[in-house]
Structures are given as structure tokens and as C-alpha cells.
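Below is the file work_19.cif, which contains mmCIF, N, CA and C atoms.
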```cif
data_coords
#
loop_
_atom_site.label_atom_id
_atom_site.label_comp_id
_atom_site.auth_asym_id
_atom_site.auth_seq_id
_atom_site.Cartn_x
_atom_site.Cartn_y
_atom_site.Cartn_z
N MET B 1 179.68 -36.72 118.92
CA MET B 1 178.90 -37.42 119.91
C MET B 1 179.05 -36.69 121.25
N THR B 2 177.94 -36.45 121.90
CA THR B 2 177.97 -35.76 123.19
C THR B 2 178.38 -36.72 124.31
N GLU B 3 178.72 -36.15 125.45
CA GLU B 3 179.07 -36.98 126.61
C GLU B 3 177.89 -37.87 126.99
N PHE B 4 176.68 -37.33 126.93
CA PHE B 4 175.48 -38.11 127.23
C PHE B 4 175.38 -39.33 126.30
N ASP B 5 175.52 -39.11 125.00
CA ASP B 5 175.44 -40.22 124.04
C ASP B 5 176.53 -41.25 124.27
N ARG B 6 177.73 -40.78 124.55
CA ARG B 6 178.85 -41.69 124.80
C ARG B 6 178.59 -42.54 126.03
N LEU B 7 178.10 -41.91 127.10
CA LEU B 7 177.81 -42.65 128.32
C LEU B 7 176.68 -43.65 128.13
N VAL B 8 175.67 -43.27 127.37
CA VAL B 8 174.57 -44.20 127.09
C VAL B 8 175.09 -45.43 126.36
N GLN B 9 175.91 -45.22 125.33
CA GLN B 9 176.46 -46.35 124.57
C GLN B 9 177.32 -47.24 125.45
N GLU B 10 178.20 -46.63 126.22
CA GLU B 10 179.09 -47.37 127.14
C GLU B 10 178.27 -48.20 128.13
N THR B 11 177.26 -47.57 128.68
CA THR B 11 176.46 -48.21 129.72
C THR B 11 175.64 -49.36 129.14
N LYS B 12 175.10 -49.17 127.94
CA LYS B 12 174.35 -50.26 127.30
C LYS B 12 175.26 -51.47 127.09
N GLU B 13 176.50 -51.22 126.69
CA GLU B 13 177.46 -52.32 126.50
C GLU B 13 177.79 -53.01 127.82
N GLU B 14 177.96 -52.22 128.88
CA GLU B 14 178.24 -52.81 130.20
C GLU B 14 177.07 -53.67 130.67
N ILE B 15 175.87 -53.17 130.46
CA ILE B 15 174.69 -53.93 130.88
C ILE B 15 174.59 -55.23 130.08
N ARG B 16 174.84 -55.15 128.77
CA ARG B 16 174.82 -56.37 127.95
C ARG B 16 175.82 -57.40 128.49
N ALA B 17 177.01 -56.93 128.86
CA ALA B 17 178.03 -57.83 129.39
C ALA B 17 177.58 -58.46 130.70
N LEU B 18 176.94 -57.68 131.57
CA LEU B 18 176.45 -58.21 132.84
C LEU B 18 175.33 -59.23 132.62
N LEU B 19 174.49 -58.99 131.63
CA LEU B 19 173.41 -59.92 131.33
C LEU B 19 173.93 -61.22 130.73
N LYS B 20 174.98 -61.13 129.92
CA LYS B 20 175.55 -62.32 129.28
C LYS B 20 176.38 -63.17 130.24
N ASN B 21 176.96 -62.52 131.24
CA ASN B 21 177.86 -63.23 132.14
C ASN B 21 177.43 -63.00 133.59
N PRO B 22 176.56 -63.85 134.10
CA PRO B 22 176.06 -63.67 135.47
C PRO B 22 177.15 -63.77 136.54
N ASN B 23 178.30 -64.34 136.20
CA ASN B 23 179.38 -64.47 137.18
C ASN B 23 179.99 -63.12 137.55
N ILE B 24 179.85 -62.13 136.66
CA ILE B 24 180.42 -60.81 136.95
C ILE B 24 179.35 -59.83 137.45
N ARG B 25 178.07 -60.24 137.40
CA ARG B 25 176.99 -59.36 137.83
C ARG B 25 176.90 -59.34 139.35
N PRO B 26 176.92 -58.13 139.95
CA PRO B 26 176.78 -58.04 141.41
C PRO B 26 175.46 -58.65 141.88
N SER B 27 175.45 -59.21 143.04
CA SER B 27 174.26 -59.90 143.55
C SER B 27 173.08 -58.96 143.78
N PHE B 28 173.34 -57.67 143.94
CA PHE B 28 172.24 -56.74 144.19
C PHE B 28 171.54 -56.29 142.91
N MET B 29 172.04 -56.71 141.74
CA MET B 29 171.42 -56.38 140.46
C MET B 29 170.76 -57.61 139.88
N THR B 30 169.49 -57.49 139.51
CA THR B 30 168.83 -58.62 138.85
C THR B 30 168.82 -58.39 137.35
N CYS B 31 168.63 -59.46 136.60
CA CYS B 31 168.56 -59.34 135.14
C CYS B 31 167.39 -58.46 134.73
N ASP B 32 166.25 -58.63 135.38
CA ASP B 32 165.08 -57.82 135.05
C ASP B 32 165.35 -56.33 135.29
N GLN B 33 165.99 -56.01 136.39
CA GLN B 33 166.33 -54.62 136.68
C GLN B 33 167.25 -54.05 135.61
N LEU B 34 168.25 -54.83 135.24
CA LEU B 34 169.20 -54.37 134.23
C LEU B 34 168.52 -54.16 132.88
N ARG B 35 167.62 -55.07 132.50
CA ARG B 35 166.89 -54.90 131.25
C ARG B 35 166.01 -53.65 131.29
N ASP B 36 165.37 -53.41 132.43
CA ASP B 36 164.53 -52.21 132.57
C ASP B 36 165.37 -50.94 132.45
N VAL B 37 166.52 -50.92 133.12
CA VAL B 37 167.40 -49.75 133.05
C VAL B 37 167.88 -49.55 131.62
N GLN B 38 168.24 -50.62 130.96
CA GLN B 38 168.71 -50.52 129.58
C GLN B 38 167.61 -49.92 128.69
N GLY B 39 166.39 -50.38 128.87
CA GLY B 39 165.27 -49.84 128.10
C GLY B 39 165.05 -48.36 128.38
N GLU B 40 165.18 -47.98 129.63
CA GLU B 40 164.99 -46.58 129.99
C GLU B 40 166.07 -45.67 129.41
N ILE B 41 167.32 -46.11 129.45
CA ILE B 41 168.36 -45.23 128.89
C ILE B 41 168.23 -45.14 127.37
N CYS B 42 167.75 -46.20 126.73
CA CYS B 42 167.49 -46.13 125.29
C CYS B 42 166.38 -45.13 125.01
N ARG B 43 165.35 -45.17 125.82
CA ARG B 43 164.24 -44.23 125.65
C ARG B 43 164.69 -42.79 125.91
N MET B 44 165.53 -42.61 126.91
CA MET B 44 166.07 -41.28 127.20
C MET B 44 166.85 -40.75 125.99
N ALA B 45 167.65 -41.60 125.37
CA ALA B 45 168.44 -41.19 124.22
C ALA B 45 167.54 -40.81 123.05
N TYR B 46 166.38 -41.44 122.97
CA TYR B 46 165.44 -41.15 121.90
C TYR B 46 164.61 -39.90 122.19
N VAL B 47 164.06 -39.80 123.39
CA VAL B 47 163.15 -38.70 123.74
C VAL B 47 163.90 -37.39 123.96
N ARG B 48 164.99 -37.43 124.74
CA ARG B 48 165.83 -36.26 125.03
C ARG B 48 165.07 -35.09 125.64
N ASP B 49 164.10 -35.39 126.48
CA ASP B 49 163.31 -34.34 127.13
C ASP B 49 162.77 -34.89 128.45
N SER B 50 163.33 -34.42 129.57
CA SER B 50 162.92 -34.94 130.87
C SER B 50 161.51 -34.52 131.26
N ASP B 51 160.92 -33.55 130.55
CA ASP B 51 159.52 -33.19 130.80
C ASP B 51 158.58 -34.21 130.16
N LYS B 52 159.03 -34.85 129.09
CA LYS B 52 158.19 -35.84 128.40
C LYS B 52 158.40 -37.26 128.94
N PHE B 53 159.61 -37.54 129.37
CA PHE B 53 159.91 -38.86 129.96
C PHE B 53 160.99 -38.70 131.00
N TYR B 54 160.71 -39.19 132.20
CA TYR B 54 161.73 -39.23 133.24
C TYR B 54 161.86 -40.67 133.70
N PRO B 55 163.05 -41.21 133.72
CA PRO B 55 163.24 -42.62 134.04
C PRO B 55 162.93 -42.95 135.50
N TYR B 56 162.51 -44.17 135.71
CA TYR B 56 162.25 -44.68 137.05
C TYR B 56 163.55 -45.16 137.72
N TYR B 57 164.53 -45.52 136.90
CA TYR B 57 165.68 -46.24 137.45
C TYR B 57 166.41 -45.55 138.61
N PRO B 58 166.54 -44.22 138.68
CA PRO B 58 167.24 -43.67 139.86
C PRO B 58 166.52 -44.05 141.17
N LYS B 59 165.22 -43.95 141.17
CA LYS B 59 164.44 -44.34 142.35
C LYS B 59 164.51 -45.86 142.55
N GLY B 60 164.41 -46.59 141.44
CA GLY B 60 164.46 -48.05 141.52
C GLY B 60 165.77 -48.57 142.07
N MET B 61 166.88 -47.93 141.70
CA MET B 61 168.18 -48.36 142.23
C MET B 61 168.24 -48.13 143.73
N ALA B 62 167.69 -47.02 144.19
CA ALA B 62 167.69 -46.72 145.63
C ALA B 62 166.81 -47.71 146.38
N GLU B 63 165.63 -47.99 145.82
CA GLU B 63 164.70 -48.92 146.48
C GLU B 63 165.25 -50.34 146.52
N ALA B 64 166.00 -50.71 145.48
CA ALA B 64 166.58 -52.06 145.42
C ALA B 64 167.92 -52.14 146.15
N CYS B 65 168.34 -51.03 146.75
CA CYS B 65 169.59 -50.98 147.52
C CYS B 65 170.83 -51.30 146.68
N TRP B 66 170.86 -50.77 145.46
CA TRP B 66 172.07 -50.90 144.67
C TRP B 66 173.15 -50.09 145.35
N GLU B 67 174.36 -50.60 145.37
CA GLU B 67 175.47 -49.92 146.03
C GLU B 67 175.84 -48.65 145.27
N ALA B 68 175.74 -47.53 145.94
CA ALA B 68 175.95 -46.22 145.31
C ALA B 68 177.36 -46.02 144.77
N ASP B 69 178.34 -46.76 145.31
CA ASP B 69 179.72 -46.58 144.86
C ASP B 69 180.11 -47.51 143.71
N HIS B 70 179.17 -48.33 143.24
CA HIS B 70 179.46 -49.22 142.11
C HIS B 70 179.63 -48.36 140.84
N PRO B 71 180.61 -48.65 140.00
CA PRO B 71 180.86 -47.83 138.81
C PRO B 71 179.65 -47.70 137.88
N LEU B 72 178.86 -48.76 137.71
CA LEU B 72 177.69 -48.68 136.86
C LEU B 72 176.64 -47.74 137.45
N VAL B 73 176.47 -47.78 138.74
CA VAL B 73 175.52 -46.89 139.42
C VAL B 73 175.95 -45.44 139.26
N LYS B 74 177.23 -45.18 139.41
CA LYS B 74 177.74 -43.82 139.23
C LYS B 74 177.49 -43.32 137.80
N LYS B 75 177.71 -44.21 136.83
CA LYS B 75 177.48 -43.85 135.43
C LYS B 75 176.00 -43.57 135.17
N LEU B 76 175.14 -44.39 135.73
CA LEU B 76 173.69 -44.20 135.55
C LEU B 76 173.23 -42.90 136.20
N ASP B 77 173.79 -42.57 137.34
CA ASP B 77 173.47 -41.29 137.98
C ASP B 77 173.89 -40.11 137.11
N LEU B 78 175.07 -40.22 136.51
CA LEU B 78 175.56 -39.16 135.64
C LEU B 78 174.69 -39.03 134.38
N ILE B 79 174.27 -40.16 133.84
CA ILE B 79 173.38 -40.13 132.68
C ILE B 79 172.09 -39.40 133.01
N ALA B 80 171.51 -39.70 134.17
CA ALA B 80 170.26 -39.03 134.59
C ALA B 80 170.49 -37.53 134.77
N GLU B 81 171.62 -37.17 135.33
CA GLU B 81 171.95 -35.76 135.54
C GLU B 81 172.10 -35.03 134.20
N LEU B 82 172.84 -35.64 133.27
CA LEU B 82 173.04 -35.03 131.95
C LEU B 82 171.72 -34.96 131.18
N TYR B 83 170.90 -35.97 131.33
CA TYR B 83 169.61 -36.01 130.64
C TYR B 83 168.73 -34.82 131.04
N CYS B 84 168.75 -34.48 132.29
CA CYS B 84 167.94 -33.35 132.77
C CYS B 84 168.44 -32.02 132.20
N LYS B 85 169.68 -31.98 131.75
CA LYS B 85 170.25 -30.74 131.20
C LYS B 85 170.12 -30.64 129.68
N LEU B 86 169.60 -31.70 129.04
CA LEU B 86 169.49 -31.67 127.57
C LEU B 86 168.47 -30.64 127.13
#
```

Give the structure from this file in C-alpha cells form.
Amino acid sequence: MTEFDRLVQETKEEIRALLKNPNIRPSFMTCDQLRDVQGEICRMAYVRDSDKFYPYYPKGMAEACWEADHPLVKKLDLIAELYCKL
């Protein structure tokens, strides 16, 4: 399993946990945003070509003012970076 695949799996699990337990979800993240991000990382894992599909979530996180130092945001940034190198 590549680092990209491992991070995608880890991140999907983290998002599921945040969706199941709103008490641990940061106030700057909405359920809809998290579901959208989860769908995009699943699609990235399937497509594996940034010329054919590039996710919206990096721009969406910035527009929604997600805190850049949050561990999930850092992981999502790394996933996007690794995806571009596939």
C-alpha cells in the first residue's frame, strides 16, 4: 500500500468519526463539506490522474476558512500533493 492509499484510508476513517460524533467535529467543518471531501478523496483514489480529475476541496477548505493547522487539513493537503505526483 502506498503512502497515498494509506492516507486516503486513514482520512476516510477520520471523516466517518467526525460525521458520527458531532461533539468532536470542529465548528468550522460542516457535515456536507466533510461528505464532499470524502467523496473527492474516494474519487481521487479511483481515478489516480490529476489531469482527469482535480478535487475542489483544497480551494473549498480555504474559502470556508478551515484552520490550516488542524491535523485533518494537513492530511488533506498532503493527499492532494501526493495525488498530483501519481

Out of B:Ile79, B:Cys42, B:Val73, B:Cys84, which residue has the shortest atom-to-atom distance to Pro26 of chain B when counting only C-alpha atoms?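 Going through B:Ile79, B:Cys42, B:Val73, B:Cys84 one by one, the smallest distance to Pro26 of chain B is for B:Val73.
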
For a cut-off of 8 Å around (161.8, -41.8, 131.9), file coordinates, pick out all residues using all atoms listed in the file and list them as a VMD selection string. chain B and resid 40 to 41 43 to 44 49 to 50 52 to 57

B:Lys12, B:Arg6, B:Asn21, B:Cys65: which is nearest Val37 of chain B, counting only N, CA and C atoms?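 Among the listed residues, the smallest separation from Val37 of chain B belongs to B:Lys12.
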
What is the atom CA of Trp66 of chain B to atom CA of Phe28 of chain B distance in Å?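 Interatomic distance here is 5.9 Å.
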
Between B:Pro71, B:Arg35, B:Leu86, B:Phe4, which is the closest to Leu19 of chain B once you count only N, CA and C atoms?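 That would be B:Arg35, the residue with the smallest distance to Leu19 of chain B.
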
Give as a ChimeraX atom specification the set of residues within 5 Å of the point (167.7, -53.1, 140.2), where distances use the file's coordinates and only N, CA and C atoms. /B:29-30,33

What is the atom CA of Asp36 of chain B-atom CA of Glu3 of chain B distance in Å, reported with one decimal?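 According to the coordinates, atom CA of Asp36 of chain B and atom CA of Glu3 of chain B are separated by 21.9 Å.
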
How many Å lie between atom CA of Ile15 of chain B and atom CA of Ala64 of chain B, rounded to one decimal? 16.8 Å
